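For reference, work_35.csv (CSV, C-alpha atoms):
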chain,number,residue,atom,x,y,z
V,1,MET,CA,12.7,-34.4,-12.8
V,2,SER,CA,14.3,-30.9,-12.7
V,3,LEU,CA,14.0,-28.4,-15.5
V,4,ARG,CA,17.1,-27.3,-17.3
V,5,PRO,CA,17.9,-23.5,-17.1
V,6,SER,CA,16.8,-23.0,-20.7
V,7,GLN,CA,13.4,-24.5,-19.9
V,8,SER,CA,12.6,-22.4,-16.9
V,9,HIS,CA,9.6,-20.1,-17.0
V,10,PRO,CA,10.5,-16.4,-17.6
V,11,SER,CA,8.5,-15.2,-14.7
V,12,VAL,CA,10.1,-17.7,-12.3
V,13,SER,CA,13.6,-16.6,-13.5
V,14,ALA,CA,12.7,-13.0,-13.0
V,15,SER,CA,11.4,-13.8,-9.5
V,16,MET,CA,14.6,-15.5,-8.6
V,17,VAL,CA,16.7,-12.6,-9.8
V,18,ASN,CA,14.5,-10.2,-7.8
V,19,ALA,CA,14.8,-12.4,-4.8
V,20,ARG,CA,18.6,-12.5,-5.0
V,21,CYS,CA,18.7,-8.7,-5.3
V,22,PHE,CA,16.4,-8.4,-2.3
V,23,LEU,CA,18.4,-10.8,-0.2
V,24,ALA,CA,21.6,-8.9,-1.0
V,25,GLY,CA,20.1,-5.7,0.0
V,26,TRP,CA,18.8,-7.2,3.3
V,27,ARG,CA,22.2,-8.6,4.0
V,28,PHE,CA,23.5,-5.1,3.8
V,29,LEU,CA,21.0,-3.9,6.3
V,30,PHE,CA,21.8,-6.6,8.8
V,31,ALA,CA,25.5,-6.0,8.5
V,32,ARG,CA,27.2,-4.2,11.4
V,33,LYS,CA,27.9,-0.6,10.7
V,34,LYS,CA,31.6,-0.9,10.2
V,35,ASP,CA,31.5,1.4,7.2
V,36,ARG,CA,31.2,5.0,8.4
V,37,ASN,CA,30.0,6.1,5.0
V,38,MET,CA,26.6,4.4,5.2
V,39,HIS,CA,24.0,6.4,3.5
V,40,PRO,CA,22.6,8.9,6.1
V,41,GLN,CA,19.0,8.4,5.2
V,42,VAL,CA,19.3,4.6,5.7
V,43,ASP,CA,21.1,5.2,9.0
V,44,LYS,CA,18.4,7.6,10.1
V,45,LEU,CA,15.6,5.2,9.0
V,46,LEU,CA,17.0,2.3,11.0
V,47,SER,CA,17.6,4.6,14.0
V,48,ASP,CA,14.0,5.8,13.9
V,49,ILE,CA,12.7,2.3,13.7
V,50,ASP,CA,14.8,1.2,16.6
V,51,LYS,CA,13.6,4.2,18.6
V,52,HIS,CA,10.0,3.3,18.0
V,53,LEU,CA,10.7,-0.4,18.9
V,54,HIS,CA,11.9,0.8,22.3
V,55,GLN,CA,8.8,2.8,23.2
V,56,PRO,CA,6.4,1.2,25.7
V,57,GLY,CA,3.6,-0.9,24.3
V,58,PRO,CA,2.2,-4.4,24.0
V,59,ILE,CA,4.1,-5.3,20.8
V,60,THR,CA,7.4,-3.8,22.0
V,61,ASN,CA,7.0,-5.7,25.3
V,62,VAL,CA,6.8,-9.0,23.3
V,63,LEU,CA,9.8,-7.9,21.3
V,64,ALA,CA,11.7,-7.1,24.5
V,65,LYS,CA,11.1,-10.7,25.8
V,66,ALA,CA,12.1,-12.2,22.4
V,67,GLU,CA,15.2,-10.0,22.4
V,68,GLU,CA,16.1,-11.1,26.0
V,69,LYS,CA,15.6,-14.9,25.2
V,70,SER,CA,17.3,-14.9,21.8
V,71,GLY,CA,20.0,-12.4,22.3
V,72,ILE,CA,19.2,-10.8,19.0
V,73,ARG,CA,18.4,-7.1,18.8
V,74,ARG,CA,14.7,-6.4,18.4
V,75,LEU,CA,15.5,-4.3,15.3
V,76,HIS,CA,17.1,-7.3,13.7
V,77,LEU,CA,14.1,-9.5,14.7
V,78,VAL,CA,11.7,-7.0,13.1
V,79,LEU,CA,13.8,-6.7,9.9
V,80,GLY,CA,14.0,-10.5,9.7
V,81,ILE,CA,10.2,-10.9,10.0
V,82,ALA,CA,9.7,-8.1,7.4
V,83,GLY,CA,12.2,-9.9,5.1
V,84,LEU,CA,10.3,-13.2,5.4
V,85,GLN,CA,7.1,-11.3,4.7
V,86,ALA,CA,8.6,-9.6,1.7
V,87,LEU,CA,9.8,-13.0,0.3
V,88,TYR,CA,6.3,-14.4,0.8
V,89,LEU,CA,4.9,-11.4,-1.1
V,90,ILE,CA,7.1,-12.4,-4.0
V,91,PHE,CA,6.6,-16.2,-4.0
V,92,GLY,CA,3.6,-16.8,-1.7
V,93,HIS,CA,0.4,-18.3,-3.1
V,94,PHE,CA,-1.7,-15.9,-1.0
V,95,ALA,CA,0.4,-12.8,-1.6
V,96,ALA,CA,-2.5,-10.8,-3.0
V,97,LEU,CA,-4.6,-11.5,0.1
V,98,LEU,CA,-1.7,-10.6,2.5
V,99,CYS,CA,-1.0,-7.4,0.6
V,100,ASN,CA,-4.6,-6.3,0.6
V,101,PHE,CA,-4.9,-7.3,4.3
V,102,MET,CA,-1.9,-5.0,5.1
V,103,GLY,CA,-3.5,-2.2,3.1
V,104,PHE,CA,-6.9,-2.5,4.7
V,105,ILE,CA,-6.9,-3.2,8.5
V,106,TYR,CA,-4.8,-0.3,9.9
V,107,PRO,CA,-6.2,2.3,7.4
V,108,ALA,CA,-9.8,1.2,8.1
V,109,TYR,CA,-9.2,1.6,11.8
V,110,CYS,CA,-7.6,5.1,11.4
V,111,SER,CA,-10.5,6.1,9.0
V,112,ILE,CA,-13.1,5.2,11.6
V,113,ARG,CA,-11.1,7.3,14.2
V,114,ALA,CA,-11.0,10.2,11.7
V,115,ILE,CA,-14.7,10.1,11.1
V,116,GLU,CA,-15.4,10.1,14.9
V,117,SER,CA,-12.9,12.9,15.6
V,118,SER,CA,-14.0,16.6,15.4
V,119,SER,CA,-10.8,17.6,13.6
V,120,LYS,CA,-10.9,17.4,9.8
V,121,GLU,CA,-7.1,17.6,9.2
V,122,ASP,CA,-6.7,13.9,8.8
V,123,ASP,CA,-9.7,13.5,6.4
V,124,THR,CA,-7.6,14.5,3.4
V,125,GLN,CA,-5.0,11.8,4.3
V,126,TRP,CA,-7.5,9.0,4.5
V,127,LEU,CA,-9.8,10.0,1.7
V,128,THR,CA,-6.8,10.2,-0.6
V,129,TYR,CA,-5.5,6.9,0.6
V,130,TRP,CA,-8.8,5.1,-0.2
V,131,VAL,CA,-8.9,6.8,-3.7
V,132,VAL,CA,-5.4,5.4,-4.4
V,133,PHE,CA,-6.3,2.0,-2.9
V,134,ALA,CA,-9.4,1.9,-5.1
V,135,LEU,CA,-7.3,2.6,-8.2
V,136,PHE,CA,-5.1,-0.3,-7.4
V,137,SER,CA,-8.2,-2.5,-6.9
V,138,VAL,CA,-9.4,-1.6,-10.4
V,139,ALA,CA,-6.0,-2.2,-12.0
V,140,GLU,CA,-5.8,-5.6,-10.3
V,141,PHE,CA,-8.5,-6.9,-12.6
V,142,PHE,CA,-5.4,-7.5,-14.8
V,143,SER,CA,-3.3,-8.8,-11.9
V,144,HIS,CA,-2.2,-12.0,-13.6
V,145,GLN,CA,-0.9,-10.1,-16.6
V,146,ILE,CA,0.8,-7.6,-14.3
V,147,CYS,CA,2.5,-10.3,-12.2
V,148,ALA,CA,3.7,-12.1,-15.3
V,149,VAL,CA,5.6,-8.9,-16.4
V,150,PHE,CA,6.4,-7.5,-12.9
V,151,PRO,CA,6.8,-10.5,-10.5
V,152,ILE,CA,7.3,-8.3,-7.4
V,153,TYR,CA,4.1,-6.4,-7.9
V,154,TRP,CA,2.6,-7.4,-4.6
V,155,LEU,CA,5.7,-6.4,-2.7
V,156,PHE,CA,5.8,-3.1,-4.5
V,157,LYS,CA,2.2,-2.4,-3.8
V,158,SER,CA,2.7,-3.3,-0.1
V,159,LEU,CA,5.6,-0.9,0.2
V,160,PHE,CA,3.7,1.8,-1.6
V,161,LEU,CA,0.7,1.4,0.6
V,162,LEU,CA,2.9,1.6,3.7
V,163,TYR,CA,4.4,4.8,2.3
V,164,LEU,CA,0.8,6.2,1.9
V,165,TYR,CA,-0.4,5.5,5.4
V,166,LEU,CA,2.4,5.3,7.9
V,167,PRO,CA,2.5,8.3,10.3
V,168,GLU,CA,6.2,8.8,9.5
V,169,THR,CA,5.5,9.4,5.8
V,170,LEU,CA,1.8,10.2,5.3
V,171,GLY,CA,2.4,9.8,1.6
V,172,ALA,CA,-1.3,10.0,0.7
V,173,LYS,CA,-1.5,13.6,1.8
V,174,LYS,CA,1.6,14.4,-0.2
V,175,ILE,CA,0.2,12.8,-3.3
V,176,TYR,CA,-3.0,14.7,-2.9
V,177,HIS,CA,-1.4,18.1,-2.6
V,178,LYS,CA,1.1,17.4,-5.4
V,179,PHE,CA,-0.9,15.6,-8.0
V,180,ILE,CA,-4.6,15.2,-7.2
V,181,GLN,CA,-5.5,18.7,-6.0
V,182,PRO,CA,-3.9,20.6,-9.0
V,183,LEU,CA,-5.5,18.1,-11.4
V,184,ALA,CA,-8.9,18.4,-9.8
V,185,ALA,CA,-8.8,22.2,-9.7
V,186,LYS,CA,-7.9,22.3,-13.4
V,187,HIS,CA,-10.6,19.9,-14.6
V,188,ALA,CA,-13.3,20.2,-11.9
V,189,PRO,CA,-15.5,22.7,-13.8
V,190,SER,CA,-15.7,20.6,-17.0
V,191,ILE,CA,-16.3,17.4,-15.0
V,192,ASP,CA,-19.1,19.1,-13.0
V,193,SER,CA,-20.8,20.4,-16.1
V,194,ARG,CA,-20.7,17.0,-17.7
V,195,LEU,CA,-22.0,15.3,-14.6
V,196,ASN,CA,-24.8,17.8,-14.3
V,197,ALA,CA,-25.7,17.3,-18.0
V,198,PHE,CA,-25.7,13.5,-17.5
V,199,ALA,CA,-27.9,13.8,-14.4
V,200,ASP,CA,-30.4,16.0,-16.3
V,201,LYS,CA,-30.6,13.5,-19.2
V,202,ALA,CA,-31.0,10.6,-16.7
V,203,ARG,CA,-33.8,12.6,-14.9
V,204,ASP,CA,-35.6,13.3,-18.2
V,205,GLY,CA,-35.2,9.7,-19.3
V,206,ALA,CA,-36.7,8.5,-16.0
V,207,ARG,CA,-39.6,11.0,-16.3
V,208,HIS,CA,-40.4,9.8,-19.8
V,209,ILE,CA,-40.3,6.1,-18.7
V,210,VAL,CA,-42.7,6.9,-15.8
V,211,ASP,CA,-45.1,8.8,-18.2
V,212,ASP,CA,-45.1,5.9,-20.6
V,213,ILE,CA,-45.9,3.5,-17.9
V,214,ARG,CA,-48.8,5.7,-16.7
V,215,GLU,CA,-50.2,5.9,-20.2
V,216,HIS,CA,-50.1,2.1,-20.6
V,217,VAL,CA,-51.7,1.6,-17.2
V,218,HIS,CA,-54.5,3.9,-17.9
So that I can check it, write out the structure of this file as structure tokens.
Amino acid sequence: MSLRPSQSHPSVSASMVNARCFLAGWRFLFARKKDRNMHPQVDKLLSDIDKHLHQPGPITNVLAKAEEKSGIRRLHLVLGIAGLQALYLIFGHFAALLCNFMGFIYPAYCSIRAIESSSKEDDTQWLTYWVVFALFSVAEFFSHQICAVFPIYWLFKSLFLLYLYLPETLGAKKIYHKFIQPLAAKHAPSIDSRLNAFADKARDGARHIVDDIREHVH
């Protein structure tokens, strides 16, 4: 028995609206560029993606074979897969797992490479990324409430994580220099003093506990 429109759940209705908006935008990306006034940033982004997809590599070789057999451009194949993945991040049962998988595997591999390399330039990028990733993880204690209000949360998080770690954007480094570094420089002295005071109190407390235990033992 189907529900009437007035009986539909608010979060489901919001998800359907977001999905329709998303599909409309994706249809725009798939359309042929008949309009010469296409936004230059979108045009450049698609051109850059297409250029990367034609570079030699195991994944691009698979895409080349798929393009040859299907007759569909590899750019459109990748965009179609990304579109299906985006829809799953909105409606899928394991959207949280998929999102966190996307945000963990590649950054973990690059972090290991950064640790092993002698250069320290990429350390800021990946340390900042993991700080932001950890903040998301803490906030996701309330993930059910967040998704009820913001149904495309997992899609938004996935796109934001991609912005943070993709080589073309390196958003984590930008966020560090623009927000985290000024904030840390402003409040670091007071934070350090409070941490030192807390460490001293903890050390004194531990010393008193040890002394009390020795007195009772003897």
I'd like the neighbourhood of Ile175 (chain V) as a PyMOL selection string, where a residue qualifies if any of its atoms comes within 9 Å (using all atoms listed in the file), though same-chain residues fewer than 5 positions away should be ignored. chain V and resi 128+164+180-181
Residues from last step as file, C-alpha atoms, as a short mmCIF file (atom, residue, chain, number, x, y, z; two decimals), in the coordinates of the input:
data_model
loop_
_atom_site.label_atom_id
_atom_site.label_comp_id
_atom_site.auth_asym_id
_atom_site.auth_seq_id
_atom_site.Cartn_x
_atom_site.Cartn_y
_atom_site.Cartn_z
CA THR V 128 -6.80 10.20 -0.60
CA LEU V 164 0.80 6.20 1.90
CA ILE V 180 -4.60 15.20 -7.20
CA GLN V 181 -5.50 18.70 -6.00
#
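Between CA of Asp123 (chain V) and CA of Ser193 (chain V) there is a distance of 26.0 Å.
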Would you work out the distance separating CA of Asn196 (chain V) from CA of His177 (chain V), expressed in Å to one decimal? 26.2 Å
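The nearest approach to Asp122 (chain V) among the residues V:Ile105, V:Cys110, V:Leu45, V:Ala66, with only C-alpha atoms taken into account, belongs to V:Cys110.
Residue nearest Arg74 (chain V) within the list V:Ser117, V:Asn61, V:Thr124, V:Gly103: V:Asn61 [criterion: smallest interatomic distance, all atoms listed in the file].
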Coordinates-based distance that separates CA of Trp154 (chain V) from CA of Leu97 (chain V) (Å, one decimal): 9.5 Å
Might you pull out every residue within 12 Å of Thr60 (chain V), with only C-alpha atoms counted and same-chain residues fewer than 4 positions away left off, and present them as a list of chain:residue names? V:Ile49, V:Asp50, V:Lys51, V:His52, V:Leu53, V:His54, V:Gln55, V:Pro56, V:Ala64, V:Lys65, V:Ala66, V:Glu67, V:Arg73, V:Arg74, V:Leu75, V:Leu77, V:Val78
Check the smallest atom-to-atom distance from each of V:Leu135, V:Phe101, V:Ala202, V:Ile152 to Tyr88 (chain V) using all atoms listed in the file, then report the winner. V:Ile152
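Checking V:Val131, V:Leu183, V:Met102, V:Ile90 one by one against Leu166 (chain V), counting all atoms listed in the file, you find the shortest gap at V:Met102.
Taking only C-alpha atoms, the non-local environment of Tyr153 (chain V) within 9 Å (same-chain residues fewer than 6 positions away omitted) comprises V:Leu89, V:Ile90, V:Ser143, V:Ile146, V:Cys147.
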Take the point (-14.0, 7.0, 7.9) in the file's coordinates, draw a sphere of radius 12 Å around it, and report as an NGL selection string every protein, DNA or RNA residue with an atom inside or on it, counting all atoms listed in the file. :V and (106-117 or 120 or 122-130)
Selection above as a file: C-alpha atoms, as a PDB file, keeping the file's coordinate frame:
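Below is the file again.pdb, written as the result:
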ATOM      1  CA  TYR V 106      -4.800  -0.300   9.900  1.00  0.00           C
ATOM      2  CA  PRO V 107      -6.200   2.300   7.400  1.00  0.00           C
ATOM      3  CA  ALA V 108      -9.800   1.200   8.100  1.00  0.00           C
ATOM      4  CA  TYR V 109      -9.200   1.600  11.800  1.00  0.00           C
ATOM      5  CA  CYS V 110      -7.600   5.100  11.400  1.00  0.00           C
ATOM      6  CA  SER V 111     -10.500   6.100   9.000  1.00  0.00           C
ATOM      7  CA  ILE V 112     -13.100   5.200  11.600  1.00  0.00           C
ATOM      8  CA  ARG V 113     -11.100   7.300  14.200  1.00  0.00           C
ATOM      9  CA  ALA V 114     -11.000  10.200  11.700  1.00  0.00           C
ATOM     10  CA  ILE V 115     -14.700  10.100  11.100  1.00  0.00           C
ATOM     11  CA  GLU V 116     -15.400  10.100  14.900  1.00  0.00           C
ATOM     12  CA  SER V 117     -12.900  12.900  15.600  1.00  0.00           C
ATOM     13  CA  LYS V 120     -10.900  17.400   9.800  1.00  0.00           C
ATOM     14  CA  ASP V 122      -6.700  13.900   8.800  1.00  0.00           C
ATOM     15  CA  ASP V 123      -9.700  13.500   6.400  1.00  0.00           C
ATOM     16  CA  THR V 124      -7.600  14.500   3.400  1.00  0.00           C
ATOM     17  CA  GLN V 125      -5.000  11.800   4.300  1.00  0.00           C
ATOM     18  CA  TRP V 126      -7.500   9.000   4.500  1.00  0.00           C
ATOM     19  CA  LEU V 127      -9.800  10.000   1.700  1.00  0.00           C
ATOM     20  CA  THR V 128      -6.800  10.200  -0.600  1.00  0.00           C
ATOM     21  CA  TYR V 129      -5.500   6.900   0.600  1.00  0.00           C
ATOM     22  CA  TRP V 130      -8.800   5.100  -0.200  1.00  0.00           C
TER      23      TRP V 130
END
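Nearest residue to Phe104 (chain V) among V:Ile191, V:Leu162, V:Leu87, V:Ala184 is V:Leu162, counting only C-alpha atoms.
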